[in-house]
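Chemist: Can you read through this structure? Questions will come right after.
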Amino acid sequence: MSDQDYKDTWKGFTKFVLWGTIAVIAILVILALILLWSKNISKMIVGSTKEDLALEKRVSLTPETAKNIIGLGLRVCIEKGYADHLGIQDKEYINIGVEIKNSQQEVLNACDLLIKVNCPSEKEISNLKEKTILIGMLNVSKNKNQINEILKKKLNIFSLELLPRITRAQSMDVLSSQSNLAGYRAV
């Protein structure tokens, strides 16, 4: 192995460790922000609104994930008819303790943390409270106008597609998981 090969290998390993560390730090930052946001975590409300069905059929919150979030002591609210297009009725959410709001506006007014599959629309962003935590695949290079509005509004954002694609963070890597699902669906 030449000195150059050794240096290249070391650089690759260093990048791997660095990105793994960044992934762990990102998770800790999210947890810290959630805890700091509310002195009493049981008062924190996680919300999710319908996606634009012309662009996106997935939902960011299933009854199973909502149950897990409620198990952590958080409250959850969604828009009426949130996952009807997938055959998941509001009753399934209600049975596990999710609050159903009549409109998108009600969800946005109530939530402290909003989870979306894709970047929220400019209308949704304008209706969010300052310092709301926003988590989703925000695609910052494609949605520059929305990102600028988010920054003006002083929202705390976590764009999941920017998590490093490494083995250590693979359980959180939305790009790998969605690629796997697309492969299964194609077969």
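We label chains A, B, ... in the order they appear in the structure tokens, count residues from 1 in each chain, and number ligands from 1 in the order shown.
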Run DSSP on the backbone and give me the residues of range 36-140 of chain A it puts in alpha helix (DSSP H), as a ChimeraX atom specification.
Modeler: /A:36-37,63-71,90-95,104-110,122-127
Chemist: The selected residues should be written to file as a tab-separated table (two decimals), in the first residue's frame (atoms: N, CA, C and O atoms).
Modeler:
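Once everything was written out, this is result_9.tsv:
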```
chain	number	residue	atom	x	y	z
A	36	LEU	N	-36.09	21.09	25.86
A	36	LEU	CA	-36.00	22.50	26.21
A	36	LEU	C	-37.23	23.29	25.79
A	36	LEU	O	-37.56	24.30	26.39
A	37	TRP	N	-37.87	22.83	24.73
A	37	TRP	CA	-39.02	23.55	24.22
A	37	TRP	C	-40.11	23.68	25.27
A	37	TRP	O	-40.76	24.69	25.39
A	63	PRO	N	-50.80	5.06	12.78
A	63	PRO	CA	-51.28	4.78	14.14
A	63	PRO	C	-50.18	4.17	15.03
A	63	PRO	O	-50.07	4.49	16.21
A	64	GLU	N	-49.36	3.30	14.46
A	64	GLU	CA	-48.29	2.67	15.23
A	64	GLU	C	-47.26	3.70	15.72
A	64	GLU	O	-46.86	3.68	16.88
A	65	THR	N	-46.82	4.60	14.83
A	65	THR	CA	-45.84	5.62	15.25
A	65	THR	C	-46.47	6.61	16.22
A	65	THR	O	-45.81	7.08	17.14
A	66	ALA	N	-47.74	6.93	16.02
A	66	ALA	CA	-48.44	7.83	16.95
A	66	ALA	C	-48.50	7.22	18.34
A	66	ALA	O	-48.29	7.90	19.35
A	67	LYS	N	-48.75	5.91	18.40
A	67	LYS	CA	-48.80	5.21	19.68
A	67	LYS	C	-47.44	5.30	20.40
A	67	LYS	O	-47.38	5.51	21.61
A	68	ASN	N	-46.36	5.14	19.63
A	68	ASN	CA	-45.01	5.25	20.20
A	68	ASN	C	-44.75	6.65	20.74
A	68	ASN	O	-44.15	6.81	21.81
A	69	ILE	N	-45.17	7.67	20.01
A	69	ILE	CA	-44.96	9.06	20.44
A	69	ILE	C	-45.77	9.35	21.70
A	69	ILE	O	-45.27	9.96	22.64
A	70	ILE	N	-47.01	8.89	21.72
A	70	ILE	CA	-47.85	9.07	22.91
A	70	ILE	C	-47.24	8.34	24.10
A	70	ILE	O	-47.27	8.83	25.23
A	71	GLY	N	-46.64	7.18	23.84
A	71	GLY	CA	-45.96	6.42	24.90
A	71	GLY	C	-44.80	7.17	25.53
A	71	GLY	O	-44.42	6.90	26.67
A	90	ASP	N	-59.79	7.65	10.69
A	90	ASP	CA	-59.53	8.46	11.89
A	90	ASP	C	-59.77	7.67	13.17
A	90	ASP	O	-59.09	7.89	14.18
A	91	LYS	N	-60.70	6.74	13.15
A	91	LYS	CA	-61.04	5.93	14.32
A	91	LYS	C	-59.81	5.18	14.85
A	91	LYS	O	-59.64	5.03	16.06
A	92	GLU	N	-58.95	4.71	13.93
A	92	GLU	CA	-57.74	4.01	14.35
A	92	GLU	C	-56.81	4.92	15.16
A	92	GLU	O	-56.17	4.48	16.10
A	93	TYR	N	-56.75	6.18	14.75
A	93	TYR	CA	-55.93	7.15	15.48
A	93	TYR	C	-56.59	7.50	16.82
A	93	TYR	O	-55.92	7.59	17.85
A	94	ILE	N	-57.89	7.71	16.79
A	94	ILE	CA	-58.63	8.07	18.01
A	94	ILE	C	-58.49	6.99	19.07
A	94	ILE	O	-58.30	7.28	20.26
A	95	ASN	N	-58.54	5.71	18.66
A	95	ASN	CA	-58.44	4.58	19.59
A	95	ASN	C	-57.14	4.55	20.38
A	95	ASN	O	-57.09	3.96	21.46
A	104	GLN	N	-56.58	21.92	8.83
A	104	GLN	CA	-55.13	22.07	8.84
A	104	GLN	C	-54.74	23.21	9.77
A	104	GLN	O	-53.78	23.11	10.54
A	105	GLN	N	-55.47	24.30	9.71
A	105	GLN	CA	-55.21	25.48	10.53
A	105	GLN	C	-55.21	25.14	12.03
A	105	GLN	O	-54.35	25.59	12.77
A	106	GLU	N	-56.17	24.33	12.46
A	106	GLU	CA	-56.26	23.94	13.87
A	106	GLU	C	-55.04	23.14	14.30
A	106	GLU	O	-54.52	23.33	15.39
A	107	VAL	N	-54.57	22.24	13.43
A	107	VAL	CA	-53.38	21.45	13.75
A	107	VAL	C	-52.17	22.36	13.87
A	107	VAL	O	-51.39	22.28	14.83
A	108	LEU	N	-52.00	23.27	12.90
A	108	LEU	CA	-50.84	24.16	12.90
A	108	LEU	C	-50.85	25.09	14.10
A	108	LEU	O	-49.79	25.42	14.64
A	109	ASN	N	-52.02	25.53	14.54
A	109	ASN	CA	-52.13	26.39	15.72
A	109	ASN	C	-51.81	25.64	17.00
A	109	ASN	O	-51.30	26.21	17.95
A	110	ALA	N	-52.12	24.36	17.03
A	110	ALA	CA	-51.97	23.57	18.26
A	110	ALA	C	-50.57	22.99	18.44
A	110	ALA	O	-50.10	22.87	19.57
A	122	GLU	N	-46.11	27.19	1.47
A	122	GLU	CA	-45.92	28.54	2.02
A	122	GLU	C	-47.09	28.93	2.91
A	122	GLU	O	-46.91	29.62	3.92
A	123	LYS	N	-48.30	28.48	2.56
A	123	LYS	CA	-49.48	28.76	3.39
A	123	LYS	C	-49.32	28.11	4.77
A	123	LYS	O	-49.59	28.73	5.79
A	124	GLU	N	-48.87	26.84	4.79
A	124	GLU	CA	-48.67	26.15	6.06
A	124	GLU	C	-47.60	26.85	6.89
A	124	GLU	O	-47.77	27.04	8.10
A	125	ILE	N	-46.52	27.25	6.24
A	125	ILE	CA	-45.42	27.92	6.94
A	125	ILE	C	-45.91	29.22	7.57
A	125	ILE	O	-45.60	29.52	8.72
A	126	SER	N	-46.71	29.98	6.83
A	126	SER	CA	-47.20	31.25	7.36
A	126	SER	C	-48.12	31.05	8.57
A	126	SER	O	-48.26	31.95	9.40
A	127	ASN	N	-48.74	29.89	8.68
A	127	ASN	CA	-49.65	29.61	9.79
A	127	ASN	C	-48.98	28.96	11.00
A	127	ASN	O	-49.62	28.78	12.03
```
Chemist: Which residues in range 65-174 of chain A does DSSP call strand (DSSP E)? List them as a PDB file with C-alpha atoms, in the first residue's frame.
Modeler:
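Result file follows (selection.pdb):
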```pdb
ATOM      1  CA  ARG A  75     -49.675  14.554  22.754  1.00  0.00           C
ATOM      2  CA  VAL A  76     -50.465  14.006  19.063  1.00  0.00           C
ATOM      3  CA  CYS A  77     -52.956  15.729  16.768  1.00  0.00           C
ATOM      4  CA  ILE A  78     -53.736  15.274  13.083  1.00  0.00           C
ATOM      5  CA  GLU A  79     -56.067  16.754  10.502  1.00  0.00           C
ATOM      6  CA  GLU A  99     -56.650  14.179  18.757  1.00  0.00           C
ATOM      7  CA  ILE A 100     -58.396  14.813  15.430  1.00  0.00           C
ATOM      8  CA  LYS A 101     -58.630  18.475  14.409  1.00  0.00           C
ATOM      9  CA  LEU A 113     -43.579  20.024  16.570  1.00  0.00           C
ATOM     10  CA  LEU A 114     -44.821  19.429  13.016  1.00  0.00           C
ATOM     11  CA  ILE A 115     -43.836  16.312  11.108  1.00  0.00           C
ATOM     12  CA  LYS A 116     -44.291  16.151   7.343  1.00  0.00           C
ATOM     13  CA  VAL A 117     -43.125  13.865   4.566  1.00  0.00           C
ATOM     14  CA  ASN A 118     -42.243  16.831   2.340  1.00  0.00           C
ATOM     15  CA  ILE A 133     -39.977  22.406  15.387  1.00  0.00           C
ATOM     16  CA  LEU A 134     -40.361  21.113  11.824  1.00  0.00           C
ATOM     17  CA  ILE A 135     -39.154  17.631  10.855  1.00  0.00           C
ATOM     18  CA  GLY A 136     -39.402  16.142   7.366  1.00  0.00           C
ATOM     19  CA  MET A 137     -37.717  15.726   4.008  1.00  0.00           C
ATOM     20  CA  ASN A 156     -36.347  24.936  14.129  1.00  0.00           C
ATOM     21  CA  ILE A 157     -35.914  22.583  11.181  1.00  0.00           C
ATOM     22  CA  PHE A 158     -34.522  19.082  10.751  1.00  0.00           C
ATOM     23  CA  SER A 159     -34.308  17.932   7.155  1.00  0.00           C
TER      24      SER A 159
END
```
Chemist: What is the CA of Val140 in chain A-CA of Cys119 in chain A distance in Å, reported with one decimal?
Modeler: 8.5 Å
Chemist: Of the candidates A:Gly47, A:Gly73, A:Gly97, A:Pro120, which one gets nearest to Ile150 in chain A if we count only C-alpha atoms?
Modeler: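 Counting only C-alpha atoms, the residue closest to Ile150 in chain A is A:Pro120.
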Chemist: Which is closer to Tyr82 in chain A than all the others in A:Lys43, A:Lys50, A:Lys144, A:Lys154, using only C-alpha atoms?
Modeler: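 Looking at the shortest contact to Tyr82 in chain A, the residue is A:Lys50.
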